[in-house]
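Engineer: Please read through the structure below; I'll follow up with questions.
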Amino acid sequence: MVYFNFEYILQLWESWGLMDVVLPFLLIFAVVYAIAEKTRLLGDNKRTHIILALVMALAVVIPHVTYTYPPEADVVNIINTALPQIAIVIISILMLMVLTGMIGAEWDALKTIVGVFSILVIIYIFARAANWVPSYGLLYWLEDPAIQSILVILLVFGLAIWLITSGGEKGVELPKIKLFK
């Protein structure tokens with residue numbers, strides 16, 4: 001009897017280079033192509049945008065595979081180090097959006113503050129992954145993933161409590177639901 005073992009499949013894909021070649025290539029290709037299409041970098045020709053994205057993605061992945069990057073400046077390793085932490089930032093932003101929607105607060109008022117804070121956090125995450133920012137002995141506890149998760153949860157819930165309690169004079173009116181006619 002054959003059992004489906006998802007963990008084995010992921011380990012097999014990892015041995016084939018999924019994390020080191022395929023996923024970074026797809027990510028860089030998609031981001032460069034989206035930016036080129038949105039900004040019309042090379043005009044309206046989609047083919048040139050595809051070629052640009054393909055060349056840039058290959059220019060990042062091939063030196064990683066051939067070990068020509070210096071070990072401390074390998075772009076693929078920096079991406080693989082930073083992306084899990086950036087996923088936490090994105091999930092916390094989505095949680096914040098859901099919470100503001102649940103209480104009926106205006107998201108537009110928070111969009112600028114959350115956007116600027118998120119950009120600064122993402123820049124810091126990439127800078128730490130690239131070892132551009134020195135690790136200070138005083139803040140060593142911030143590098144623990146459990147403490148990072150607790151801080152994100154406290155920030156999200158603190159902001160949610162602030163949104164709920166700062167309704168002002170108007171307050172938030174909840175929709176009326178009729179259960180029986």
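Within each chain, counting starts at residue 1; across the structure tokens, chains are named A, B, ... in the order shown, with ligands numbered 1 upward in that order.
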Mind checking which residues fall within 12 Å of segment 108-116 of chain A, counting only C-alpha atoms, ignoring those fewer than 5 positions away in the same chain, and posting them as a ChimeraX atom specification?

Structural biologist: /A:89-90,92-94,96-97,100-101,121-123,155-156,159-160,162-163

Engineer: Pull the alpha helix (DSSP H) assignments for chain A out of DSSP run on the backbone, and list those residues as a PyMOL selection string.

Structural biologist: chain A and resi 6-16+23-39+46-65+75-103+107-129+145-165

Engineer: Please write the residues from the selection above to a file, keeping C-alpha atoms, as a compact mmCIF listing (two decimals), in the first residue's frame.

Structural biologist:
```txt
# COMPACT_ATOMS: atom_id res chain seq x y z
CA PHE A 6 3.87 15.34 1.22
CA GLU A 7 7.00 15.90 3.31
CA TYR A 8 8.93 13.40 1.17
CA ILE A 9 7.76 15.14 -2.01
CA LEU A 10 8.92 18.53 -0.71
CA GLN A 11 12.30 17.07 0.27
CA LEU A 12 12.59 15.55 -3.20
CA TRP A 13 11.79 18.88 -4.85
CA GLU A 14 14.34 20.55 -2.57
CA SER A 15 16.98 18.04 -3.71
CA TRP A 16 16.11 18.93 -7.30
CA LEU A 23 11.33 29.56 -6.95
CA PRO A 24 13.86 32.45 -7.00
CA PHE A 25 13.79 32.40 -10.80
CA LEU A 26 9.97 32.54 -10.88
CA LEU A 27 9.84 35.26 -8.23
CA ILE A 28 12.38 37.52 -9.93
CA PHE A 29 10.85 36.89 -13.36
CA ALA A 30 7.34 37.74 -12.12
CA VAL A 31 8.39 40.89 -10.25
CA VAL A 32 10.53 42.28 -13.09
CA TYR A 33 7.86 41.47 -15.67
CA ALA A 34 5.11 43.09 -13.58
CA ILE A 35 7.18 46.24 -13.05
CA ALA A 36 8.10 46.43 -16.74
CA GLU A 37 4.47 45.97 -17.78
CA LYS A 38 3.09 48.46 -15.27
CA THR A 39 5.63 51.18 -16.05
CA LYS A 46 5.18 42.46 -24.06
CA ARG A 47 7.83 40.32 -25.71
CA THR A 48 10.60 42.73 -24.78
CA HIS A 49 9.33 42.80 -21.20
CA ILE A 50 9.40 38.99 -21.13
CA ILE A 51 12.96 38.95 -22.47
CA LEU A 52 14.04 41.57 -19.91
CA ALA A 53 12.48 39.59 -17.05
CA LEU A 54 14.00 36.34 -18.32
CA VAL A 55 17.49 37.84 -18.59
CA MET A 56 17.33 39.43 -15.15
CA ALA A 57 16.01 36.26 -13.50
CA LEU A 58 18.71 34.15 -15.15
CA ALA A 59 21.36 36.76 -14.27
CA VAL A 60 20.47 36.28 -10.60
CA VAL A 61 20.01 32.50 -10.53
CA ILE A 62 22.91 31.32 -12.73
CA PRO A 63 25.70 32.87 -10.60
CA HIS A 64 24.08 31.25 -7.55
CA VAL A 65 24.11 27.82 -9.20
CA VAL A 75 21.25 37.17 -3.90
CA VAL A 76 19.33 33.88 -3.82
CA ASN A 77 20.42 33.20 -0.23
CA ILE A 78 19.37 36.73 0.75
CA ILE A 79 15.95 36.19 -0.88
CA ASN A 80 15.53 32.78 0.78
CA THR A 81 16.46 34.26 4.17
CA ALA A 82 14.21 37.33 3.93
CA LEU A 83 11.04 35.90 2.37
CA PRO A 84 9.70 33.97 5.39
CA GLN A 85 9.93 37.10 7.54
CA ILE A 86 8.32 39.22 4.81
CA ALA A 87 5.50 36.67 4.65
CA ILE A 88 4.87 37.38 8.35
CA VAL A 89 4.66 41.11 7.58
CA ILE A 90 2.19 40.49 4.74
CA ILE A 91 0.05 38.21 6.90
CA SER A 92 -0.02 40.81 9.68
CA ILE A 93 -1.11 43.49 7.19
CA LEU A 94 -3.89 41.21 5.95
CA MET A 95 -4.95 40.50 9.55
CA LEU A 96 -5.05 44.23 10.20
CA MET A 97 -7.20 44.78 7.09
CA VAL A 98 -9.61 42.06 8.22
CA LEU A 99 -9.82 43.52 11.72
CA THR A 100 -10.46 47.03 10.45
CA GLY A 101 -13.12 45.67 8.12
CA MET A 102 -14.77 43.74 10.95
CA ILE A 103 -15.12 46.76 13.18
CA TRP A 107 -8.81 51.50 6.06
CA ASP A 108 -7.89 54.61 4.07
CA ALA A 109 -6.89 56.42 7.24
CA LEU A 110 -4.39 53.70 8.16
CA LYS A 111 -3.11 52.91 4.69
CA THR A 112 -0.30 55.48 4.70
CA ILE A 113 0.93 54.66 8.20
CA VAL A 114 0.85 50.90 7.62
CA GLY A 115 2.43 51.30 4.18
CA VAL A 116 5.37 53.37 5.39
CA PHE A 117 5.91 51.13 8.42
CA SER A 118 5.75 47.99 6.25
CA ILE A 119 8.23 49.36 3.72
CA LEU A 120 10.66 50.24 6.51
CA VAL A 121 10.30 46.79 8.08
CA ILE A 122 10.82 45.04 4.72
CA ILE A 123 13.91 47.15 3.97
CA TYR A 124 15.26 46.26 7.43
CA ILE A 125 14.54 42.54 6.85
CA PHE A 126 16.43 42.54 3.53
CA ALA A 127 19.29 44.57 5.06
CA ARG A 128 19.60 42.05 7.92
CA ALA A 129 19.47 39.13 5.47
CA PRO A 145 11.22 34.00 15.67
CA ALA A 146 8.98 33.35 18.68
CA ILE A 147 9.53 36.87 19.99
CA GLN A 148 8.99 38.30 16.50
CA SER A 149 5.65 36.49 16.29
CA ILE A 150 4.60 37.73 19.73
CA LEU A 151 5.52 41.32 18.79
CA VAL A 152 3.51 41.12 15.55
CA ILE A 153 0.51 39.74 17.43
CA LEU A 154 0.76 42.45 20.10
CA LEU A 155 1.06 45.19 17.48
CA VAL A 156 -1.92 43.92 15.49
CA PHE A 157 -4.14 43.49 18.53
CA GLY A 158 -2.99 46.79 20.02
CA LEU A 159 -3.87 48.55 16.79
CA ALA A 160 -7.21 46.74 16.68
CA ILE A 161 -8.01 47.83 20.24
CA TRP A 162 -7.01 51.39 19.36
CA LEU A 163 -9.29 51.32 16.31
CA ILE A 164 -12.20 49.98 18.34
CA THR A 165 -11.85 52.44 21.19
```

Engineer: In Å, rounded to a single decimal, give me how far atom CA of Asn131 of chain A is from atom CA of Asp20 of chain A.

Structural biologist: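 Interatomic distance here is 19.4 Å.
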